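What follows is the content of my_file_35.txt (compact mmCIF, C-alpha atoms).
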# COMPACT_ATOMS: atom_id res chain seq x y z
CA MET P 540 6.19 186.26 105.13
CA ASN P 541 4.61 183.23 106.76
CA GLY P 542 4.38 182.12 110.38
CA VAL P 543 7.42 179.83 110.36
CA ASP P 544 9.52 182.75 109.17
CA LEU P 545 8.40 184.86 112.15
CA ILE P 546 9.31 182.04 114.55
CA LYS P 547 12.71 181.66 112.87
CA ALA P 548 13.37 185.40 113.07
CA CYS P 549 12.42 185.53 116.76
CA SER P 550 14.51 182.40 117.44
CA ALA P 551 17.52 184.19 116.00
CA ILE P 552 16.88 187.13 118.37
CA GLY P 553 16.38 184.75 121.29
CA ALA P 554 19.61 182.86 120.56
CA GLY P 555 21.53 186.13 120.52
CA LEU P 556 19.93 187.28 123.78
CA ALA P 557 20.75 183.97 125.48
CA MET P 558 24.44 184.41 124.75
CA ILE P 559 24.53 187.73 126.68
CA ALA P 560 24.96 185.42 129.69
CA GLY P 561 28.57 185.03 128.58
CA ILE P 562 29.34 188.37 130.27
CA GLY P 563 29.20 186.77 133.71
CA PRO P 564 31.63 183.86 133.43
CA GLY P 565 34.02 186.16 131.57
CA ILE P 566 34.14 188.69 134.41
CA GLY P 567 34.15 186.07 137.15
CA GLN P 568 36.82 183.81 135.70
CA GLY P 569 38.97 186.81 134.91
CA TYR P 570 38.79 187.83 138.57
CA ALA P 571 39.68 184.26 139.59
CA ALA P 572 42.65 184.21 137.21
CA GLY P 573 43.84 187.54 138.61
CA LYS P 574 43.62 186.33 142.19
CA GLY P 575 45.32 183.08 141.21
CA ALA P 576 48.24 184.98 139.69
CA GLU P 577 48.39 187.12 142.83
CA GLY P 578 48.50 184.00 145.03
CA VAL P 579 51.23 182.33 142.98
CA GLY P 580 53.24 185.56 143.06
CA ARG P 581 53.04 185.62 146.86
CA GLN P 582 53.60 181.88 147.49
CA PRO P 583 55.29 180.28 144.43
CA GLU P 584 55.76 176.96 146.26
CA ALA P 585 51.96 176.54 146.64
CA GLN P 586 51.42 176.94 142.88
CA GLY P 587 49.90 173.47 142.38
CA ASP P 588 47.25 173.94 145.12
CA ILE P 589 46.42 177.48 144.02
CA VAL P 590 45.95 176.57 140.36
CA ARG P 591 43.84 173.54 141.29
CA THR P 592 41.45 175.62 143.44
CA MET P 593 41.31 178.35 140.80
CA LEU P 594 40.48 175.93 137.96
CA LEU P 595 37.85 174.14 140.08
CA GLY P 596 36.12 177.45 140.85
CA ALA P 597 36.40 178.67 137.27
CA ALA P 598 34.84 175.43 136.03
CA VAL P 599 31.83 176.09 138.27
CA ALA P 600 31.64 179.70 137.04
CA GLU P 601 31.58 178.41 133.45
CA THR P 602 28.29 176.51 133.92
CA THR P 603 25.84 179.38 133.32
CA GLY P 604 27.70 180.34 130.15
CA ILE P 605 27.24 176.76 128.94
CA TYR P 606 23.51 176.89 129.83
CA GLY P 607 23.17 179.99 127.65
CA LEU P 608 25.06 178.29 124.83
CA ILE P 609 22.83 175.19 125.07
CA VAL P 610 19.62 177.24 124.85
CA ALA P 611 21.06 179.22 121.92
CA LEU P 612 22.08 176.02 120.10
CA ILE P 613 18.63 174.50 120.76
CA LEU P 614 16.99 177.61 119.25
CA LEU P 615 19.29 177.44 116.22
CA PHE P 616 19.58 173.75 115.42
CA ALA P 617 16.92 171.79 117.34
CA ASN P 618 14.13 174.33 117.48
CA PRO P 619 11.09 172.72 119.15
CA PHE P 620 8.64 175.22 117.59
CA PHE P 621 8.79 174.09 113.95
CA MET H 474 -1.63 205.07 110.12
CA ASN H 475 1.42 205.27 112.34
CA PHE H 476 4.21 202.73 112.59
CA VAL H 477 3.16 201.15 115.91
CA GLU H 478 -0.34 200.37 114.66
CA GLN H 479 1.12 198.91 111.47
CA PHE H 480 3.47 196.75 113.51
CA PHE H 481 0.68 195.37 115.71
CA ASP H 482 -1.52 194.73 112.67
CA TRP H 483 1.38 192.83 111.11
CA LEU H 484 1.90 190.78 114.30
CA LEU H 485 -1.82 189.98 114.51
CA SER H 486 -1.79 188.75 110.89
CA PHE H 487 -0.11 185.57 112.18
CA ASP H 488 -2.07 182.79 113.84
CA LYS H 489 -2.04 182.61 117.62
CA GLU H 490 0.26 179.59 117.98
CA THR H 491 2.92 181.09 115.72
CA LEU H 492 2.95 184.38 117.59
CA ILE H 493 3.25 182.65 120.99
CA TYR H 494 6.08 180.37 119.83
CA ALA H 495 7.96 183.34 118.38
CA ALA H 496 7.57 185.26 121.63
CA SER H 497 8.60 182.18 123.65
CA ALA H 498 11.83 181.96 121.65
CA ILE H 499 12.66 185.56 122.63
CA GLY H 500 11.55 184.88 126.22
CA ALA H 501 13.82 181.82 126.55
CA GLY H 502 16.77 183.90 125.35
CA LEU H 503 15.95 186.70 127.79
CA ALA H 504 15.69 184.27 130.71
CA MET H 505 19.20 182.97 130.08
CA ILE H 506 20.69 186.47 130.59
CA ALA H 507 20.38 185.63 134.30
CA GLY H 508 23.47 183.46 133.77
CA ILE H 509 25.58 186.63 134.14
CA GLY H 510 25.00 186.60 137.90
CA PRO H 511 26.25 183.13 138.91
CA GLY H 512 29.12 183.53 136.44
CA VAL H 513 30.39 186.71 138.12
CA GLY H 514 29.68 185.47 141.65
CA GLN H 515 31.25 182.05 141.29
CA GLY H 516 34.26 183.58 139.59
CA TYR H 517 34.70 185.90 142.58
CA ALA H 518 34.44 182.88 144.90
CA ALA H 519 37.02 181.04 142.78
CA GLY H 520 39.36 184.02 143.00
CA LYS H 521 38.98 184.23 146.76
CA GLY H 522 39.59 180.46 146.93
CA ALA H 523 42.86 180.79 145.03
CA GLU H 524 43.84 183.70 147.27
CA ALA H 525 43.00 181.77 150.47
CA VAL H 526 44.98 178.70 149.36
CA GLY H 527 47.91 180.96 148.49
CA LEU H 528 47.87 182.57 151.94
CA ASN H 529 47.35 179.34 153.88
CA PRO H 530 48.19 176.24 151.80
CA LYS H 531 47.54 173.97 154.82
CA GLY H 532 43.87 174.98 154.92
CA SER H 533 43.50 174.22 151.22
CA LYS H 534 40.90 171.47 151.74
CA GLN H 535 38.57 173.52 153.93
CA SER H 536 38.86 176.62 151.71
CA THR H 537 38.06 174.64 148.56
CA MET H 538 35.11 172.94 150.28
CA VAL H 539 33.57 176.24 151.42
CA MET H 540 34.17 177.74 147.96
CA LEU H 541 32.31 174.89 146.27
CA LEU H 542 29.44 174.99 148.81
CA GLY H 543 28.97 178.73 148.29
CA ALA H 544 29.29 178.45 144.51
CA ALA H 545 26.64 175.72 144.48
CA VAL H 546 24.18 178.06 146.21
CA ALA H 547 25.10 180.88 143.81
CA GLU H 548 24.24 178.53 140.93
CA THR H 549 20.54 178.29 141.89
CA SER H 550 19.32 181.42 140.07
CA GLY H 551 21.08 180.24 136.90
CA ILE H 552 19.32 176.88 137.18
CA LEU H 553 15.94 178.57 137.79
CA ALA H 554 16.43 180.65 134.62
CA LEU H 555 17.38 177.50 132.70
CA VAL H 556 14.22 175.76 133.96
CA VAL H 557 12.02 178.66 132.81
CA ALA H 558 13.74 178.67 129.38
CA ILE H 559 13.27 174.90 129.02
CA ILE H 560 9.59 175.18 130.03
CA LEU H 561 9.09 177.89 127.39
CA LEU H 562 10.82 175.74 124.75
CA TYR H 563 9.52 172.25 125.44
CA GLY H 564 6.53 172.44 127.79
CA ASN H 565 5.01 175.69 126.68
CA PRO H 566 1.86 176.09 128.81
CA ILE H 567 0.79 179.33 127.11
CA VAL H 568 -0.22 177.79 123.78
CA ASN H 569 -3.16 175.94 125.32
CA VAL H 570 -4.65 179.02 127.01
CA GLN H 571 -7.69 180.72 125.50
CA GLY H 572 -7.27 184.47 125.07
CA ALA H 573 -5.92 187.34 123.00
CA SER H 574 -2.76 186.14 121.24
CA ILE H 575 -0.93 189.46 121.72
CA ILE H 576 -1.34 189.25 125.53
CA LEU H 577 -0.17 185.64 125.63
CA ALA H 578 2.84 186.40 123.44
CA ALA H 579 3.77 189.41 125.57
CA SER H 580 3.47 187.22 128.69
CA ALA H 581 6.03 184.78 127.28
CA ILE H 582 8.47 187.68 126.70
CA GLY H 583 7.65 189.06 130.16
CA ALA H 584 8.40 185.73 131.84
CA GLY H 585 11.84 185.80 130.20
CA PHE H 586 12.45 189.42 131.27
CA SER H 587 11.47 188.58 134.82
CA MET H 588 14.14 185.90 135.15
CA ILE H 589 16.91 188.44 134.36
CA ALA H 590 16.59 189.36 138.07
CA GLY H 591 18.63 186.20 138.72
CA ILE H 592 21.76 188.30 138.01
CA GLY H 593 21.50 189.89 141.47
CA PRO H 594 21.33 186.79 143.71
CA GLY H 595 24.01 185.14 141.57
CA ILE H 596 26.52 187.96 142.10
CA GLY H 597 25.56 188.51 145.75
CA GLN H 598 25.71 184.87 146.79
CA GLY H 599 29.01 184.46 144.94
CA TYR H 600 30.40 187.45 146.87
CA ALA H 601 29.27 185.83 150.15
CA ALA H 602 30.89 182.55 149.09
CA GLY H 603 34.14 184.38 148.28
CA LYS H 604 34.24 186.19 151.62
CA ALA H 605 33.45 182.96 153.52
CA THR H 606 36.27 181.20 151.66
CA GLU H 607 38.61 184.04 152.63
CA ALA H 608 37.60 183.75 156.30
CA VAL H 609 37.97 179.95 156.38
CA GLY H 610 41.35 180.21 154.66
CA ARG H 611 42.50 182.51 157.44
CA ARG H 612 41.04 180.46 160.32
CA PRO H 613 40.11 176.93 159.17
CA LYS H 614 38.88 175.97 162.67
CA LEU H 615 35.91 178.37 162.47
CA HIS H 616 34.78 176.51 159.36
CA SER H 617 31.27 175.53 160.57
CA ALA H 618 30.33 178.94 162.04
CA VAL H 619 31.45 180.73 158.87
CA VAL H 620 29.52 178.37 156.61
CA ARG H 621 26.36 178.77 158.73
CA THR H 622 26.53 182.57 158.45
CA MET H 623 27.22 182.33 154.72
CA PHE H 624 24.17 180.12 154.13
CA LEU H 625 21.95 182.45 156.18
CA GLY H 626 23.03 185.47 154.15
CA GLN H 627 22.69 183.62 150.87
CA ALA H 628 19.16 182.53 151.77
CA VAL H 629 18.18 186.20 152.21
CA ALA H 630 19.94 187.14 148.97
CA GLN H 631 17.93 184.48 147.15
CA THR H 632 14.55 186.13 147.92
CA THR H 633 14.45 188.53 144.96
CA GLY H 634 15.34 185.66 142.64
CA ILE H 635 12.38 183.71 144.03
CA TYR H 636 10.09 186.73 143.50
CA ALA H 637 11.19 186.81 139.85
CA LEU H 638 10.51 183.08 139.52
CA ILE H 639 7.03 183.54 141.01
CA ILE H 640 6.19 186.30 138.52
CA ALA H 641 7.50 184.20 135.62
CA LEU H 642 5.43 181.19 136.75
CA VAL H 643 2.32 183.38 137.21
CA LEU H 644 2.75 184.76 133.67
CA MET H 645 3.14 181.24 132.28
CA PHE H 646 0.66 179.20 134.31
CA ALA H 647 -1.85 181.54 135.98
CA ASN H 648 -2.00 184.60 133.75
CA PRO H 649 -4.25 187.19 135.49
CA PHE H 650 -4.90 189.05 132.22
CA ILE H 651 -6.80 186.09 130.76
CA ARG H 652 -10.13 185.33 132.44
Can I see the file as C-alpha cells?
Amino acid sequence: MNGVDLIKACSAIGAGLAMIAGIGPGIGQGYAAGKGAEGVGRQPEAQGDIVRTMLLGAAVAETTGIYGLIVALILLFANPFF
Amino acid sequence: MNFVEQFFDWLLSFDKETLIYAASAIGAGLAMIAGIGPGVGQGYAAGKGAEAVGLNPKGSKQSTMVMLLGAAVAETSGILALVVAIILLYGNPIVNVQGASIILAASAIGAGFSMIAGIGPGIGQGYAAGKATEAVGRRPKLHSAVVRTMFLGQAVAQTTGIYALIIALVLMFANPFIR
C-alpha cells in the first residue's frame, strides 16, 4: 500500500463523516413542515403566506447540509491532496 | 507485538506529507458535522415562522424578517466549520511545520473534532430565533425590543463555538506540541 492509497482511504472516511451533517437539516426542516401543516390547519385562508415563510426558512436550514455535501464531493472528485 | 504498536508502525511507514494529508481529509469531514446544529436550529425557526404567520397573517412581514435575521446568526457556526474544512483542504498550514508527523496528523484530526462543538450554538441560536419569531408574530409592534434581546442571547450562545474555533486555529497554526 502506498501513500496515495492511504490518502484515498482517509478521504473516503472524511467524505462519509462530512455527510453526518445531514442529520440537522432533516430534523429542522421536518419540524418546520410540521408547524407549517399545523398553521394551515388552523388558518386555511393564510396558506400562501404560511407556505412561503416555511419554504424560506427551510431553504436557510438546508445550507449546512449543502456545505457538508460540497466538502464530501470535493474529497471524492476534486481531492486537493493528490 | 500488540495491535496498537503495529498500527502506529504502519502509519509511520508513510512519509510525513502523506500522513498529514490523510488526517486532514478526516479532519475536514469531522468539522462539517457541525452543520447539524444550524440545520436543526434554523428549521425550528422556520417552523415557528410558519406558526406565527398562521396565527397572525397581518404580521407576516415582520415575522419573516425576524426569522431570517435569527437564522442568519444561527448559520455562523456552520460557516466557521466550513472555513476550517476549506483551510484543511486547500490552505493546509500543518504540512509546512517541522515536527513529528504523528503529532501533526493527530492535530489535523483534532481541529476537525473541535469544530463539532458548532452543533450547540447552531441549535441554541435557532431556538432563540424561533422564539423571537413567535413573539413578534404575536405583537409585531415590539419588533425592535424582541430582536435586541434575541441578538444578545445569541451572542452569549456563540461563545462556545468561538472557543472551539480558537482551539482548531491553535492546533492548525500555533501548535503547542511542536517547539
Could you give me, as a list in words, the residues within 7 Å of segment 582-584 of chain H, counting all atoms listed in the file and dropping anything in the same chain fewer than 2 positions from it? Ala496, Ser497, Ile499, Gly500, Ala578, Ala579, Ser580, Phe586, Ser587, Met588, Ala641, Leu644 and Met645 of chain H
Hey, list the chain P side of the contact with chain H: 6 Å cut-off, only C-alpha atoms, answer as a PDB file with C-alpha atoms, keeping the file's coordinate frame.
ATOM      1  CA  GLY P 542       4.380 182.120 110.380  1.00  0.00           C
ATOM      2  CA  ILE P 546       9.310 182.040 114.550  1.00  0.00           C
ATOM      3  CA  CYS P 549      12.420 185.530 116.760  1.00  0.00           C
ATOM      4  CA  SER P 550      14.510 182.400 117.440  1.00  0.00           C
ATOM      5  CA  GLY P 553      16.380 184.750 121.290  1.00  0.00           C
ATOM      6  CA  ALA P 554      19.610 182.860 120.560  1.00  0.00           C
ATOM      7  CA  LEU P 556      19.930 187.280 123.780  1.00  0.00           C
ATOM      8  CA  ALA P 557      20.750 183.970 125.480  1.00  0.00           C
ATOM      9  CA  ILE P 559      24.530 187.730 126.680  1.00  0.00           C
ATOM     10  CA  ALA P 560      24.960 185.420 129.690  1.00  0.00           C
ATOM     11  CA  ILE P 562      29.340 188.370 130.270  1.00  0.00           C
ATOM     12  CA  GLY P 563      29.200 186.770 133.710  1.00  0.00           C
ATOM     13  CA  PRO P 564      31.630 183.860 133.430  1.00  0.00           C
ATOM     14  CA  ILE P 566      34.140 188.690 134.410  1.00  0.00           C
ATOM     15  CA  GLY P 567      34.150 186.070 137.150  1.00  0.00           C
ATOM     16  CA  GLN P 568      36.820 183.810 135.700  1.00  0.00           C
ATOM     17  CA  TYR P 570      38.790 187.830 138.570  1.00  0.00           C
ATOM     18  CA  ALA P 571      39.680 184.260 139.590  1.00  0.00           C
ATOM     19  CA  LYS P 574      43.620 186.330 142.190  1.00  0.00           C
ATOM     20  CA  GLY P 575      45.320 183.080 141.210  1.00  0.00           C
ATOM     21  CA  GLY P 578      48.500 184.000 145.030  1.00  0.00           C
ATOM     22  CA  GLN P 582      53.600 181.880 147.490  1.00  0.00           C
ATOM     23  CA  ILE P 589      46.420 177.480 144.020  1.00  0.00           C
ATOM     24  CA  THR P 592      41.450 175.620 143.440  1.00  0.00           C
ATOM     25  CA  MET P 593      41.310 178.350 140.800  1.00  0.00           C
ATOM     26  CA  GLY P 596      36.120 177.450 140.850  1.00  0.00           C
ATOM     27  CA  ALA P 597      36.400 178.670 137.270  1.00  0.00           C
ATOM     28  CA  ALA P 600      31.640 179.700 137.040  1.00  0.00           C
ATOM     29  CA  THR P 603      25.840 179.380 133.320  1.00  0.00           C
ATOM     30  CA  GLY P 607      23.170 179.990 127.650  1.00  0.00           C
TER      31      GLY P 607
END
Atom CA of Ala548 of chain P to atom CA of Val557 of chain H, distance in Å rounded to a single decimal: 20.9 Å
Atom CA of Gly569 of chain P to atom CA of Leu594 of chain P: how many Å, to one decimal? 11.4 Å
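Taking atom CA of Val568 of chain H and atom CA of Phe621 of chain P as the two end points, the separation is 13.8 Å.
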Would you list the residues near (-7.8, 177.8, 129.1), meaning any protein, DNA or RNA residue with an atom at most 12 Å from that point in file coordinates, counting all atoms listed in the file, as a list in words? Pro566, Ile567, Val568, Asn569, Val570, Gln571, Gly572, Ala573, Leu577, Met645, Phe646, Ala647, Asn648, Pro649, Ile651 and Arg652 of chain H
Please provide as an NGL selection string all residues within 9 Å of segment 614-622 of chain H, with the sequence filter that same-chain residues fewer than 5 positions apart are discarded (counting all atoms listed in the file). :H and (535-536 or 539 or 542-543 or 602 or 605-606 or 608-609 or 627)
Measuring atom to atom with all atoms listed in the file, identify which of H:Gly591, H:Ala628, H:Gly634, H:Phe480 is nearest to Ile575 of chain H. H:Phe480
Please, could N, CA and C atoms be added to segment 596-610 of chain P and the result written as a PDB file, in the frame of the given file?
ATOM      1  N   GLY P 596      37.103 176.363 140.742  1.00  0.00           N
ATOM      2  CA  GLY P 596      36.120 177.450 140.850  1.00  0.00           C
ATOM      3  C   GLY P 596      35.731 177.985 139.496  1.00  0.00           C
ATOM      4  N   ALA P 597      36.692 178.129 138.600  1.00  0.00           N
ATOM      5  CA  ALA P 597      36.400 178.670 137.270  1.00  0.00           C
ATOM      6  C   ALA P 597      35.503 177.715 136.482  1.00  0.00           C
ATOM      7  N   ALA P 598      35.692 176.397 136.711  1.00  0.00           N
ATOM      8  CA  ALA P 598      34.840 175.430 136.030  1.00  0.00           C
ATOM      9  C   ALA P 598      33.387 175.599 136.468  1.00  0.00           C
ATOM     10  N   VAL P 599      33.190 175.857 137.773  1.00  0.00           N
ATOM     11  CA  VAL P 599      31.830 176.090 138.270  1.00  0.00           C
ATOM     12  C   VAL P 599      31.269 177.372 137.675  1.00  0.00           C
ATOM     13  N   ALA P 600      32.097 178.419 137.584  1.00  0.00           N
ATOM     14  CA  ALA P 600      31.640 179.700 137.040  1.00  0.00           C
ATOM     15  C   ALA P 600      31.274 179.583 135.563  1.00  0.00           C
ATOM     16  N   GLU P 601      31.848 178.595 134.879  1.00  0.00           N
ATOM     17  CA  GLU P 601      31.580 178.410 133.450  1.00  0.00           C
ATOM     18  C   GLU P 601      30.151 177.926 133.192  1.00  0.00           C
ATOM     19  N   THR P 602      29.553 177.222 134.178  1.00  0.00           N
ATOM     20  CA  THR P 602      28.290 176.510 133.920  1.00  0.00           C
ATOM     21  C   THR P 602      27.206 177.378 133.292  1.00  0.00           C
ATOM     22  N   THR P 603      26.963 178.598 133.855  1.00  0.00           N
ATOM     23  CA  THR P 603      25.840 179.380 133.320  1.00  0.00           C
ATOM     24  C   THR P 603      26.100 179.801 131.881  1.00  0.00           C
ATOM     25  N   GLY P 604      27.376 180.032 131.541  1.00  0.00           N
ATOM     26  CA  GLY P 604      27.700 180.340 130.150  1.00  0.00           C
ATOM     27  C   GLY P 604      27.325 179.171 129.242  1.00  0.00           C
ATOM     28  N   ILE P 605      27.574 177.947 129.743  1.00  0.00           N
ATOM     29  CA  ILE P 605      27.240 176.760 128.940  1.00  0.00           C
ATOM     30  C   ILE P 605      25.720 176.610 128.827  1.00  0.00           C
ATOM     31  N   TYR P 606      24.979 176.934 129.922  1.00  0.00           N
ATOM     32  CA  TYR P 606      23.510 176.890 129.830  1.00  0.00           C
ATOM     33  C   TYR P 606      23.023 177.804 128.706  1.00  0.00           C
ATOM     34  N   GLY P 607      23.567 179.047 128.690  1.00  0.00           N
ATOM     35  CA  GLY P 607      23.170 179.990 127.650  1.00  0.00           C
ATOM     36  C   GLY P 607      23.474 179.450 126.271  1.00  0.00           C
ATOM     37  N   LEU P 608      24.658 178.853 126.127  1.00  0.00           N
ATOM     38  CA  LEU P 608      25.060 178.290 124.830  1.00  0.00           C
ATOM     39  C   LEU P 608      24.110 177.164 124.423  1.00  0.00           C
ATOM     40  N   ILE P 609      23.716 176.316 125.395  1.00  0.00           N
ATOM     41  CA  ILE P 609      22.830 175.190 125.070  1.00  0.00           C
ATOM     42  C   ILE P 609      21.487 175.704 124.555  1.00  0.00           C
ATOM     43  N   VAL P 610      20.913 176.702 125.295  1.00  0.00           N
ATOM     44  CA  VAL P 610      19.620 177.240 124.850  1.00  0.00           C
ATOM     45  C   VAL P 610      19.753 177.872 123.469  1.00  0.00           C
TER      46      VAL P 610
END
